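Enquirer: What follows is entry14.cif; its format and atoms are mmCIF, C-alpha atoms.
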```
data_work
loop_
_atom_site.group_PDB
_atom_site.id
_atom_site.type_symbol
_atom_site.label_atom_id
_atom_site.label_comp_id
_atom_site.auth_asym_id
_atom_site.auth_seq_id
_atom_site.Cartn_x
_atom_site.Cartn_y
_atom_site.Cartn_z
ATOM 1 C CA MET A 1 127.554 130.553 122.685
ATOM 2 C CA LYS A 2 127.409 132.064 119.176
ATOM 3 C CA TYR A 3 124.099 133.641 118.167
ATOM 4 C CA PHE A 4 122.982 134.650 114.681
ATOM 5 C CA ASP A 5 124.690 138.051 114.825
ATOM 6 C CA ASP A 6 128.005 136.508 115.943
ATOM 7 C CA ILE A 7 128.277 134.224 112.923
ATOM 8 C CA GLU A 8 130.515 135.429 110.105
ATOM 9 C CA VAL A 9 130.063 134.540 106.456
ATOM 10 C CA GLY A 10 133.285 132.882 105.328
ATOM 11 C CA ALA A 11 134.028 131.211 108.674
ATOM 12 C CA ARG A 12 135.473 127.739 108.094
ATOM 13 C CA ARG A 13 135.710 124.594 110.207
ATOM 14 C CA GLU A 14 137.164 121.136 109.685
ATOM 15 C CA PHE A 15 136.397 118.127 111.838
ATOM 16 C CA GLY A 16 135.997 114.377 111.924
ATOM 17 C CA ALA A 17 136.637 111.574 111.350
ATOM 18 C CA TYR A 18 134.042 108.768 111.269
ATOM 19 C CA GLU A 19 134.948 105.282 110.046
ATOM 20 C CA VAL A 20 132.067 103.419 108.442
ATOM 21 C CA THR A 21 131.907 99.630 108.737
ATOM 22 C CA LYS A 22 130.317 97.070 106.431
ATOM 23 C CA SER A 23 127.848 95.999 109.122
ATOM 24 C CA GLU A 24 126.728 99.597 109.677
ATOM 25 C CA ILE A 25 126.225 100.081 105.917
ATOM 26 C CA VAL A 26 124.090 96.930 105.673
ATOM 27 C CA GLU A 27 122.126 97.757 108.852
ATOM 28 C CA PHE A 28 121.194 101.248 107.584
ATOM 29 C CA ALA A 29 120.287 99.868 104.153
ATOM 30 C CA GLU A 30 118.037 97.132 105.559
ATOM 31 C CA LYS A 31 116.055 99.788 107.397
ATOM 32 C CA TYR A 32 116.051 102.756 105.012
ATOM 33 C CA ASP A 33 117.532 101.978 101.577
ATOM 34 C CA PRO A 34 117.245 98.263 100.703
ATOM 35 C CA GLN A 35 118.843 98.404 97.239
ATOM 36 C CA PRO A 36 121.088 95.434 96.299
ATOM 37 C CA PHE A 37 124.315 97.491 96.086
ATOM 38 C CA HIS A 38 123.855 98.632 99.728
ATOM 39 C CA LEU A 39 122.922 95.179 101.082
ATOM 40 C CA ASP A 40 125.044 92.473 99.540
ATOM 41 C CA GLU A 41 128.626 92.306 98.225
ATOM 42 C CA GLU A 42 127.854 89.793 95.484
ATOM 43 C CA ALA A 43 124.861 91.765 94.195
ATOM 44 C CA ALA A 44 126.904 94.989 94.393
ATOM 45 C CA LYS A 45 129.477 93.535 91.965
ATOM 46 C CA GLU A 46 126.746 93.459 89.289
ATOM 47 C CA SER A 47 125.795 97.110 89.896
ATOM 48 C CA MET A 48 127.154 100.361 88.385
ATOM 49 C CA PHE A 49 129.341 100.676 91.502
ATOM 50 C CA GLY A 50 131.002 97.247 91.344
ATOM 51 C CA GLU A 51 131.219 96.913 95.144
ATOM 52 C CA LEU A 52 129.187 97.410 98.318
ATOM 53 C CA ILE A 53 128.590 101.120 99.024
ATOM 54 C CA ALA A 54 126.794 103.120 101.717
ATOM 55 C CA SER A 55 123.379 104.672 101.080
ATOM 56 C CA GLY A 56 123.783 108.332 100.135
ATOM 57 C CA TRP A 57 121.356 109.172 102.936
ATOM 58 C CA GLN A 58 123.640 107.417 105.417
ATOM 59 C CA THR A 59 126.573 109.468 104.104
ATOM 60 C CA ALA A 60 124.558 112.641 104.743
ATOM 61 C CA ALA A 61 123.569 111.356 108.201
ATOM 62 C CA ILE A 62 127.244 110.765 109.088
ATOM 63 C CA CYS A 63 128.055 114.385 108.130
ATOM 64 C CA MET A 64 125.179 115.432 110.417
ATOM 65 C CA ARG A 65 126.605 113.333 113.258
ATOM 66 C CA LEU A 66 130.032 114.925 112.855
ATOM 67 C CA SER A 67 128.457 118.409 112.735
ATOM 68 C CA VAL A 68 126.378 117.865 115.892
ATOM 69 C CA GLU A 69 129.440 116.531 117.711
ATOM 70 C CA HIS A 70 131.779 119.336 116.696
ATOM 71 C CA ILE A 71 129.654 122.469 116.205
ATOM 72 C CA THR A 72 128.568 122.765 119.823
ATOM 73 C CA ASP A 73 128.922 126.531 120.326
ATOM 74 C CA VAL A 74 126.160 127.754 117.964
ATOM 75 C CA ALA A 75 122.605 128.533 119.180
ATOM 76 C CA THR A 76 120.997 126.306 116.530
ATOM 77 C CA LEU A 77 117.227 125.903 116.865
ATOM 78 C CA GLY A 78 116.849 123.303 114.112
ATOM 79 C CA GLY A 79 117.224 122.715 110.393
ATOM 80 C CA LEU A 80 115.242 124.420 107.628
ATOM 81 C CA GLY A 81 116.476 122.365 104.704
ATOM 82 C CA VAL A 82 119.245 121.477 102.271
ATOM 83 C CA ASP A 83 120.095 122.706 98.774
ATOM 84 C CA SER A 84 122.301 121.259 96.043
ATOM 85 C CA LEU A 85 123.111 117.940 97.702
ATOM 86 C CA ARG A 86 125.348 115.818 95.432
ATOM 87 C CA TRP A 87 126.799 112.350 95.907
ATOM 88 C CA HIS A 88 130.166 112.557 94.101
ATOM 89 C CA THR A 89 131.860 109.261 94.990
ATOM 90 C CA PRO A 90 130.404 106.285 96.885
ATOM 91 C CA LEU A 91 131.409 105.715 100.531
ATOM 92 C CA ARG A 92 132.708 102.144 101.040
ATOM 93 C CA PRO A 93 133.261 99.893 104.070
ATOM 94 C CA GLY A 94 136.428 100.968 105.885
ATOM 95 C CA ASP A 95 136.344 104.525 104.499
ATOM 96 C CA THR A 96 136.729 107.355 106.990
ATOM 97 C CA LEU A 97 134.646 110.482 106.495
ATOM 98 C CA ARG A 98 135.610 113.969 107.660
ATOM 99 C CA VAL A 99 133.878 117.315 107.123
ATOM 100 C CA GLU A 100 134.996 120.690 105.805
ATOM 101 C CA THR A 101 132.398 123.412 106.221
ATOM 102 C CA ALA A 102 132.104 127.142 105.500
ATOM 103 C CA VAL A 103 129.352 129.665 106.264
ATOM 104 C CA VAL A 104 128.230 130.918 102.830
ATOM 105 C CA ASP A 105 125.134 133.010 103.656
ATOM 106 C CA LYS A 106 123.066 134.433 106.523
ATOM 107 C CA ARG A 107 119.794 136.364 106.631
ATOM 108 C CA PRO A 108 117.510 137.413 109.468
ATOM 109 C CA SER A 109 113.974 136.004 109.572
ATOM 110 C CA GLU A 110 111.484 138.464 108.059
ATOM 111 C CA ARG A 111 108.691 137.371 110.394
ATOM 112 C CA ARG A 112 110.446 136.654 113.705
ATOM 113 C CA ASP A 113 113.044 138.927 115.300
ATOM 114 C CA ASP A 114 114.356 136.129 117.543
ATOM 115 C CA ARG A 115 116.005 134.091 114.785
ATOM 116 C CA GLY A 116 117.836 134.029 111.459
ATOM 117 C CA TYR A 117 118.934 131.560 108.791
ATOM 118 C CA VAL A 118 122.545 130.503 108.313
ATOM 119 C CA THR A 119 123.638 128.538 105.237
ATOM 120 C CA ARG A 120 126.666 126.340 105.664
ATOM 121 C CA HIS A 121 128.364 124.607 102.726
ATOM 122 C CA VAL A 122 129.356 121.104 103.808
ATOM 123 C CA GLU A 123 131.874 118.800 102.108
ATOM 124 C CA GLY A 124 132.308 115.191 103.221
ATOM 125 C CA LEU A 125 135.762 113.841 102.277
ATOM 126 C CA THR A 126 137.770 110.694 102.899
ATOM 127 C CA ASP A 127 141.323 110.516 104.339
ATOM 128 C CA ASP A 128 142.822 110.793 100.868
ATOM 129 C CA ASP A 129 140.671 113.869 100.058
ATOM 130 C CA THR A 130 138.200 112.078 97.803
ATOM 131 C CA ARG A 131 135.028 114.166 97.687
ATOM 132 C CA ILE A 132 132.113 111.951 98.744
ATOM 133 C CA ILE A 133 129.217 114.369 99.313
ATOM 134 C CA SER A 134 128.527 118.099 99.311
ATOM 135 C CA TYR A 135 125.493 120.198 100.207
ATOM 136 C CA ASP A 136 124.330 123.556 101.517
ATOM 137 C CA GLY A 137 122.551 123.122 104.852
ATOM 138 C CA ILE A 138 120.268 125.913 106.078
ATOM 139 C CA GLU A 139 120.038 126.194 109.878
ATOM 140 C CA ILE A 140 117.709 128.260 112.043
ATOM 141 C CA VAL A 141 119.874 130.136 114.584
ATOM 142 C CA ALA A 142 118.652 132.147 117.587
ATOM 143 C CA ARG A 143 119.320 135.901 117.905
ATOM 144 C CA GLU A 144 120.406 137.065 121.317
ATOM 145 C CA THR A 145 117.546 138.849 123.072
ATOM 146 C CA GLU A 146 117.949 141.648 125.617
ATOM 147 C CA ASP A 147 116.184 140.299 128.669
ATOM 148 C CA MET B 1 111.044 97.412 83.476
ATOM 149 C CA LYS B 2 110.925 101.138 82.669
ATOM 150 C CA TYR B 3 114.066 102.617 81.149
ATOM 151 C CA PHE B 4 114.950 106.297 80.757
ATOM 152 C CA ASP B 5 113.032 106.708 77.502
ATOM 153 C CA ASP B 6 109.878 105.106 78.965
ATOM 154 C CA ILE B 7 109.590 107.614 81.812
ATOM 155 C CA GLU B 8 107.135 110.468 81.298
ATOM 156 C CA VAL B 9 107.461 113.895 82.838
ATOM 157 C CA GLY B 10 104.301 114.484 84.849
ATOM 158 C CA ALA B 11 103.829 110.836 85.874
ATOM 159 C CA ARG B 12 102.588 110.648 89.466
ATOM 160 C CA ARG B 13 102.639 107.970 92.145
ATOM 161 C CA GLU B 14 101.387 107.731 95.722
ATOM 162 C CA PHE B 15 102.464 105.098 98.224
ATOM 163 C CA GLY B 16 103.106 104.328 101.860
ATOM 164 C CA ALA B 17 102.583 104.319 104.750
ATOM 165 C CA TYR B 18 105.366 104.032 107.383
ATOM 166 C CA GLU B 19 104.603 104.519 111.072
ATOM 167 C CA VAL B 20 107.509 105.924 113.062
ATOM 168 C CA THR B 21 107.936 104.926 116.698
ATOM 169 C CA LYS B 22 109.552 106.797 119.582
ATOM 170 C CA SER B 23 112.225 104.120 119.980
ATOM 171 C CA GLU B 24 113.144 104.325 116.290
ATOM 172 C CA ILE B 25 113.427 108.128 116.518
ATOM 173 C CA VAL B 26 115.747 107.907 119.537
ATOM 174 C CA GLU B 27 117.802 105.076 118.003
ATOM 175 C CA PHE B 28 118.447 107.029 114.787
ATOM 176 C CA ALA B 29 119.275 110.186 116.751
ATOM 177 C CA GLU B 30 121.756 108.432 119.042
ATOM 178 C CA LYS B 31 123.656 107.251 115.990
ATOM 179 C CA TYR B 32 123.359 110.161 113.525
ATOM 180 C CA ASP B 33 121.758 113.290 115.031
ATOM 181 C CA PRO B 34 122.223 113.461 118.825
ATOM 182 C CA GLN B 35 120.440 116.772 119.451
ATOM 183 C CA PRO B 36 118.343 116.983 122.657
ATOM 184 C CA PHE B 37 114.982 117.381 120.847
ATOM 185 C CA HIS B 38 115.563 114.070 119.009
ATOM 186 C CA LEU B 39 116.780 112.150 122.073
ATOM 187 C CA ASP B 40 114.759 113.011 125.146
ATOM 188 C CA GLU B 41 111.141 114.028 125.733
ATOM 189 C CA GLU B 42 111.915 116.298 128.683
ATOM 190 C CA ALA B 43 114.716 118.124 126.846
ATOM 191 C CA ALA B 44 112.487 118.408 123.773
ATOM 192 C CA LYS B 45 109.890 120.352 125.805
ATOM 193 C CA GLU B 46 112.471 123.125 126.237
ATOM 194 C CA SER B 47 113.218 123.274 122.497
ATOM 195 C CA MET B 48 111.605 125.285 119.686
ATOM 196 C CA PHE B 49 109.546 122.177 118.881
ATOM 197 C CA GLY B 50 108.088 121.570 122.363
ATOM 198 C CA GLU B 51 108.100 117.776 121.945
ATOM 199 C CA LEU B 52 110.243 114.887 120.753
ATOM 200 C CA ILE B 53 110.658 114.932 116.954
ATOM 201 C CA ALA B 54 112.455 112.784 114.374
ATOM 202 C CA SER B 55 115.726 113.907 112.803
ATOM 203 C CA GLY B 56 115.051 115.515 109.449
ATOM 204 C CA TRP B 57 117.552 113.081 107.925
ATOM 205 C CA GLN B 58 115.507 110.171 109.287
ATOM 206 C CA THR B 59 112.397 111.664 107.685
ATOM 207 C CA ALA B 60 114.239 111.769 104.348
ATOM 208 C CA ALA B 61 115.487 108.198 104.887
ATOM 209 C CA ILE B 62 111.903 106.982 105.487
ATOM 210 C CA CYS B 63 110.821 108.555 102.164
ATOM 211 C CA MET B 64 113.743 106.693 100.548
ATOM 212 C CA ARG B 65 112.594 103.418 102.123
ATOM 213 C CA LEU B 66 109.062 103.902 100.827
ATOM 214 C CA SER B 67 110.402 104.793 97.359
ATOM 215 C CA VAL B 68 112.679 101.717 97.165
ATOM 216 C CA GLU B 69 109.785 99.495 98.287
ATOM 217 C CA HIS B 70 107.229 100.873 95.861
ATOM 218 C CA ILE B 71 109.132 102.084 92.769
ATOM 219 C CA THR B 72 110.382 98.661 91.715
ATOM 220 C CA ASP B 73 109.813 98.872 87.951
ATOM 221 C CA VAL B 74 112.371 101.579 87.049
ATOM 222 C CA ALA B 75 115.928 100.766 85.885
ATOM 223 C CA THR B 76 117.542 103.041 88.482
ATOM 224 C CA LEU B 77 121.337 102.866 88.617
ATOM 225 C CA GLY B 78 121.741 105.108 91.682
ATOM 226 C CA GLY B 79 121.196 108.609 93.018
ATOM 227 C CA LEU B 80 122.932 111.757 91.751
ATOM 228 C CA GLY B 81 121.680 114.166 94.413
ATOM 229 C CA VAL B 82 118.842 116.197 95.883
ATOM 230 C CA ASP B 83 117.742 119.799 95.399
ATOM 231 C CA SER B 84 115.488 122.066 97.458
ATOM 232 C CA LEU B 85 114.976 119.750 100.434
ATOM 233 C CA ARG B 86 112.770 121.436 103.055
ATOM 234 C CA TRP B 87 111.558 120.223 106.456
ATOM 235 C CA HIS B 88 108.108 121.819 106.765
ATOM 236 C CA THR B 89 106.669 120.226 109.916
ATOM 237 C CA PRO B 90 108.401 117.896 112.385
ATOM 238 C CA LEU B 91 107.618 114.151 112.310
ATOM 239 C CA ARG B 92 106.584 112.891 115.767
ATOM 240 C CA PRO B 93 106.330 109.471 117.416
ATOM 241 C CA GLY B 94 103.189 107.683 116.186
ATOM 242 C CA ASP B 95 102.986 109.730 112.967
ATOM 243 C CA THR B 96 102.547 107.809 109.727
ATOM 244 C CA LEU B 97 104.402 109.008 106.659
ATOM 245 C CA ARG B 98 103.277 108.470 103.069
ATOM 246 C CA VAL B 99 104.771 109.731 99.801
ATOM 247 C CA GLU B 100 103.381 111.590 96.792
ATOM 248 C CA THR B 101 105.816 111.861 93.915
ATOM 249 C CA ALA B 102 105.850 113.286 90.383
ATOM 250 C CA VAL B 103 108.464 113.206 87.624
ATOM 251 C CA VAL B 104 109.324 116.882 86.999
ATOM 252 C CA ASP B 105 112.314 116.663 84.632
ATOM 253 C CA LYS B 106 114.434 114.251 82.575
ATOM 254 C CA ARG B 107 117.567 114.719 80.486
ATOM 255 C CA PRO B 108 119.942 112.299 78.775
ATOM 256 C CA SER B 109 123.546 112.155 79.968
ATOM 257 C CA GLU B 110 125.805 114.244 77.735
ATOM 258 C CA ARG B 111 128.782 111.930 78.199
ATOM 259 C CA ARG B 112 127.257 108.441 78.337
ATOM 260 C CA ASP B 113 124.611 107.149 75.951
ATOM 261 C CA ASP B 114 123.590 104.331 78.322
ATOM 262 C CA ARG B 115 121.919 106.539 80.939
ATOM 263 C CA GLY B 116 119.935 109.673 81.742
ATOM 264 C CA TYR B 117 118.861 111.750 84.728
ATOM 265 C CA VAL B 118 115.294 111.781 86.042
ATOM 266 C CA THR B 119 114.172 114.357 88.623
ATOM 267 C CA ARG B 120 111.308 113.314 90.850
ATOM 268 C CA HIS B 121 109.594 115.771 93.209
ATOM 269 C CA VAL B 122 108.856 113.978 96.485
ATOM 270 C CA GLU B 123 106.420 115.049 99.200
ATOM 271 C CA GLY B 124 106.263 113.256 102.553
ATOM 272 C CA LEU B 125 102.873 113.706 104.240
ATOM 273 C CA THR B 126 101.099 112.374 107.304
ATOM 274 C CA ASP B 127 97.632 110.709 107.397
ATOM 275 C CA ASP B 128 95.960 114.081 107.874
ATOM 276 C CA ASP B 129 97.852 115.579 104.908
ATOM 277 C CA THR B 130 100.323 117.599 106.960
ATOM 278 C CA ARG B 131 103.335 118.317 104.769
ATOM 279 C CA ILE B 132 106.445 117.017 106.574
ATOM 280 C CA ILE B 133 109.202 117.110 103.946
ATOM 281 C CA SER B 134 109.658 117.872 100.256
ATOM 282 C CA TYR B 135 112.595 117.583 97.873
ATOM 283 C CA ASP B 136 113.606 117.009 94.262
ATOM 284 C CA GLY B 137 115.583 113.778 93.964
ATOM 285 C CA ILE B 138 117.751 113.251 90.861
ATOM 286 C CA GLU B 139 118.160 109.598 89.842
ATOM 287 C CA ILE B 140 120.456 108.016 87.267
ATOM 288 C CA VAL B 141 118.306 105.741 85.058
ATOM 289 C CA ALA B 142 119.555 103.255 82.436
ATOM 290 C CA ARG B 143 118.668 103.618 78.726
ATOM 291 C CA GLU B 144 117.697 100.427 76.978
ATOM 292 C CA THR B 145 120.522 99.216 74.741
ATOM 293 C CA GLU B 146 120.091 97.228 71.525
ATOM 294 C CA ASP B 147 122.069 94.093 72.201
#
```
Go ahead and render the structure in this file as structure tokens.

Expert:
Amino acid sequence: MKYFDDIEVGARREFGAYEVTKSEIVEFAEKYDPQPFHLDEEAAKESMFGELIASGWQTAAICMRLSVEHITDVATLGGLGVDSLRWHTPLRPGDTLRVETAVVDKRPSERRDDRGYVTRHVEGLTDDDTRIISYDGIEIVARETED
Amino acid sequence: MKYFDDIEVGARREFGAYEVTKSEIVEFAEKYDPQPFHLDEEAAKESMFGELIASGWQTAAICMRLSVEHITDVATLGGLGVDSLRWHTPLRPGDTLRVETAVVDKRPSERRDDRGYVTRHVEGLTDDDTRIISYDGIEIVARETED
């Protein structure tokens, strides 16, 4: 298991992929983002996007799913937040999302000596390397204690 | 309908609420964030949080749902991204989330005269005013054209 002090700034990982279906896009949208261009193909044709696309929040959630599945050796305690999230290109039914990630910053907690904060830059890309989403996720990671 | 030029920096809105259930928390986690403290009450007791909590991405998605439901008079074309998202306090089964939001910035697109960007600060709070999540969401909003 990797603790805060084991994590190196610059470390990179690539993993995935996750294929998103039309029914999953509509199901997420009905519950969390009921805008016409996430719900209905005909309505989506009239939108800026011209076709049915996934909610940006679903795209972020899929990156989270891939991260939880593949980054299993880090003593993560939870998430602190996210900076600079951008939706570059819409995710469409049938697209397959994969993740490229790099540790870009780490700092120990000033108040608690049992944890630190690790910032990971995340890029969500399709098969053909189209950039769908990017963000900097800040995780709370445990420090190894000496008992 | 409010277009880009109709939107005033400083304008505030409050709406909600959305009650989150245990089954909805587990269902979201199974699909998008399968960490033990989102999936299982017993496992959650061993975590930093001490109890079952919602995925932070679900918390953000609930704020999106409330925003789509209640901000129906703005000519939004889609989302550009999110800055400074922070998870302050976990959302738990039975909690009710409401939203307070304020327009904090707007700027016309430099490349397209038919749209601009509006930044809205969003706070997700429970009934007892516990701050759960905050972020700055950047929306693409249409400008009224003269045809």

Enquirer: Report as a PyMOL selection string the full result of the PyMOL selection byres ((chain A) within 10 of (chain B)) when it is applied to this structure.

Expert: chain A and resi 28-35+37+47-49+55-69+76-89+133-138

Enquirer: To one decimal place, how far is atom CA of His38 of chain A from atom CA of Phe4 of chain B in Å?

Expert: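 Between atom CA of His38 of chain A and atom CA of Phe4 of chain B the gap is 22.3 Å.
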
Enquirer: Asp114 of chain A: which residues within 9 Å, counting only C-alpha atoms, same-chain residues fewer than 3 positions away excluded, as JSON, numbers by chain?

Expert: {"A": [108, 109, 141, 142, 143, 144, 145]}

Enquirer: Given the file shown, determine the residues that the PyMOL selection byres ((chain A and resi 20) around 12) selects; report them as a count of residues only.

Expert: 29

Enquirer: Pick out the closest residue to Asp105 of chain A from this set: A:Arg120, A:His70, A:Lys2, A:Arg131. Count all atoms listed in the file.

Expert: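 Smallest distance to Asp105 of chain A is found for A:Arg120.
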
Enquirer: So how many Å separate atom CA of Val103 of chain A and atom CA of Leu125 of chain A, to one decimal?

Expert: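 Separation between atom CA of Val103 of chain A and atom CA of Leu125 of chain A: 17.5 Å.
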
Enquirer: Kindly reconstruct segment 117-127 of chain B with all heavy atoms and present the result as a PDB file, keeping the file's coordinate frame.

Expert:
```pdb
ATOM      1  N   TYR B 117     119.173 111.272  83.385  1.00  0.00           N
ATOM      2  CA  TYR B 117     118.861 111.750  84.728  1.00  0.00           C
ATOM      3  C   TYR B 117     117.376 112.069  84.811  1.00  0.00           C
ATOM      4  O   TYR B 117     116.831 112.769  83.953  1.00  0.00           O
ATOM      5  CB  TYR B 117     119.694 112.990  85.060  1.00  0.00           C
ATOM      6  CG  TYR B 117     121.168 112.719  84.940  1.00  0.00           C
ATOM      7  CD1 TYR B 117     121.900 113.182  83.848  1.00  0.00           C
ATOM      8  CD2 TYR B 117     121.811 111.938  85.891  1.00  0.00           C
ATOM      9  CE1 TYR B 117     123.253 112.890  83.726  1.00  0.00           C
ATOM     10  CE2 TYR B 117     123.163 111.637  85.772  1.00  0.00           C
ATOM     11  CZ  TYR B 117     123.875 112.121  84.683  1.00  0.00           C
ATOM     12  OH  TYR B 117     125.206 111.819  84.561  1.00  0.00           O
ATOM     13  N   VAL B 118     116.728 111.555  85.833  1.00  0.00           N
ATOM     14  CA  VAL B 118     115.294 111.781  86.042  1.00  0.00           C
ATOM     15  C   VAL B 118     115.117 112.485  87.385  1.00  0.00           C
ATOM     16  O   VAL B 118     115.614 112.007  88.406  1.00  0.00           O
ATOM     17  CB  VAL B 118     114.526 110.442  86.046  1.00  0.00           C
ATOM     18  CG1 VAL B 118     113.072 110.649  86.455  1.00  0.00           C
ATOM     19  CG2 VAL B 118     114.615 109.777  84.673  1.00  0.00           C
ATOM     20  N   THR B 119     114.434 113.633  87.378  1.00  0.00           N
ATOM     21  CA  THR B 119     114.172 114.357  88.623  1.00  0.00           C
ATOM     22  C   THR B 119     112.740 114.106  89.055  1.00  0.00           C
ATOM     23  O   THR B 119     111.797 114.301  88.276  1.00  0.00           O
ATOM     24  CB  THR B 119     114.405 115.866  88.452  1.00  0.00           C
ATOM     25  OG1 THR B 119     115.732 116.071  87.986  1.00  0.00           O
ATOM     26  CG2 THR B 119     114.219 116.607  89.772  1.00  0.00           C
ATOM     27  N   ARG B 120     112.611 113.663  90.290  1.00  0.00           N
ATOM     28  CA  ARG B 120     111.308 113.314  90.850  1.00  0.00           C
ATOM     29  C   ARG B 120     111.063 114.232  92.047  1.00  0.00           C
ATOM     30  O   ARG B 120     111.887 114.304  92.964  1.00  0.00           O
ATOM     31  CB  ARG B 120     111.388 111.866  91.319  1.00  0.00           C
ATOM     32  CG  ARG B 120     110.099 111.134  91.428  1.00  0.00           C
ATOM     33  CD  ARG B 120     110.367 109.714  91.936  1.00  0.00           C
ATOM     34  NE  ARG B 120     111.004 108.852  90.953  1.00  0.00           N
ATOM     35  CZ  ARG B 120     110.345 108.212  89.992  1.00  0.00           C
ATOM     36  NH1 ARG B 120     109.035 108.325  89.902  1.00  0.00           N
ATOM     37  NH2 ARG B 120     110.982 107.448  89.130  1.00  0.00           N
ATOM     38  N   HIS B 121     109.971 114.988  92.030  1.00  0.00           N
ATOM     39  CA  HIS B 121     109.594 115.771  93.209  1.00  0.00           C
ATOM     40  C   HIS B 121     108.908 114.838  94.201  1.00  0.00           C
ATOM     41  O   HIS B 121     108.006 114.089  93.832  1.00  0.00           O
ATOM     42  CB  HIS B 121     108.651 116.921  92.814  1.00  0.00           C
ATOM     43  CG  HIS B 121     108.253 117.752  93.996  1.00  0.00           C
ATOM     44  ND1 HIS B 121     109.130 118.595  94.629  1.00  0.00           N
ATOM     45  CD2 HIS B 121     107.082 117.842  94.675  1.00  0.00           C
ATOM     46  CE1 HIS B 121     108.518 119.184  95.650  1.00  0.00           C
ATOM     47  NE2 HIS B 121     107.274 118.737  95.700  1.00  0.00           N
ATOM     48  N   VAL B 122     109.362 114.875  95.439  1.00  0.00           N
ATOM     49  CA  VAL B 122     108.856 113.978  96.485  1.00  0.00           C
ATOM     50  C   VAL B 122     108.250 114.812  97.609  1.00  0.00           C
ATOM     51  O   VAL B 122     108.859 115.790  98.049  1.00  0.00           O
ATOM     52  CB  VAL B 122     110.014 113.110  97.049  1.00  0.00           C
ATOM     53  CG1 VAL B 122     109.545 112.263  98.230  1.00  0.00           C
ATOM     54  CG2 VAL B 122     110.609 112.228  95.957  1.00  0.00           C
ATOM     55  N   GLU B 123     107.044 114.435  98.022  1.00  0.00           N
ATOM     56  CA  GLU B 123     106.420 115.049  99.200  1.00  0.00           C
ATOM     57  C   GLU B 123     106.160 113.946 100.224  1.00  0.00           C
ATOM     58  O   GLU B 123     105.571 112.922  99.881  1.00  0.00           O
ATOM     59  CB  GLU B 123     105.063 115.680  98.849  1.00  0.00           C
ATOM     60  CG  GLU B 123     105.113 116.729  97.766  1.00  0.00           C
ATOM     61  CD  GLU B 123     104.988 118.138  98.332  1.00  0.00           C
ATOM     62  OE1 GLU B 123     104.473 118.310  99.461  1.00  0.00           O
ATOM     63  OE2 GLU B 123     105.399 119.074  97.627  1.00  0.00           O
ATOM     64  N   GLY B 124     106.590 114.157 101.458  1.00  0.00           N
ATOM     65  CA  GLY B 124     106.263 113.256 102.553  1.00  0.00           C
ATOM     66  C   GLY B 124     105.179 113.882 103.408  1.00  0.00           C
ATOM     67  O   GLY B 124     105.332 115.008 103.885  1.00  0.00           O
ATOM     68  N   LEU B 125     104.059 113.163 103.556  1.00  0.00           N
ATOM     69  CA  LEU B 125     102.873 113.706 104.240  1.00  0.00           C
ATOM     70  C   LEU B 125     102.393 112.735 105.306  1.00  0.00           C
ATOM     71  O   LEU B 125     102.585 111.526 105.182  1.00  0.00           O
ATOM     72  CB  LEU B 125     101.737 113.885 103.219  1.00  0.00           C
ATOM     73  CG  LEU B 125     102.061 114.671 101.955  1.00  0.00           C
ATOM     74  CD1 LEU B 125     101.226 114.163 100.784  1.00  0.00           C
ATOM     75  CD2 LEU B 125     101.807 116.150 102.182  1.00  0.00           C
ATOM     76  N   THR B 126     101.724 113.259 106.321  1.00  0.00           N
ATOM     77  CA  THR B 126     101.099 112.374 107.304  1.00  0.00           C
ATOM     78  C   THR B 126      99.677 112.026 106.858  1.00  0.00           C
ATOM     79  O   THR B 126      99.164 112.579 105.879  1.00  0.00           O
ATOM     80  CB  THR B 126     101.028 113.049 108.688  1.00  0.00           C
ATOM     81  OG1 THR B 126     100.314 114.274 108.556  1.00  0.00           O
ATOM     82  CG2 THR B 126     102.418 113.318 109.245  1.00  0.00           C
ATOM     83  N   ASP B 127      99.033 111.119 107.612  1.00  0.00           N
ATOM     84  CA  ASP B 127      97.632 110.709 107.397  1.00  0.00           C
ATOM     85  C   ASP B 127      96.689 111.871 107.153  1.00  0.00           C
ATOM     86  O   ASP B 127      95.777 111.794 106.333  1.00  0.00           O
ATOM     87  CB  ASP B 127      97.075 110.071 108.687  1.00  0.00           C
ATOM     88  CG  ASP B 127      97.702 108.760 108.983  1.00  0.00           C
ATOM     89  OD1 ASP B 127      98.733 108.474 108.371  1.00  0.00           O
ATOM     90  OD2 ASP B 127      97.153 108.038 109.834  1.00  0.00           O
TER      91      ASP B 127
END
```
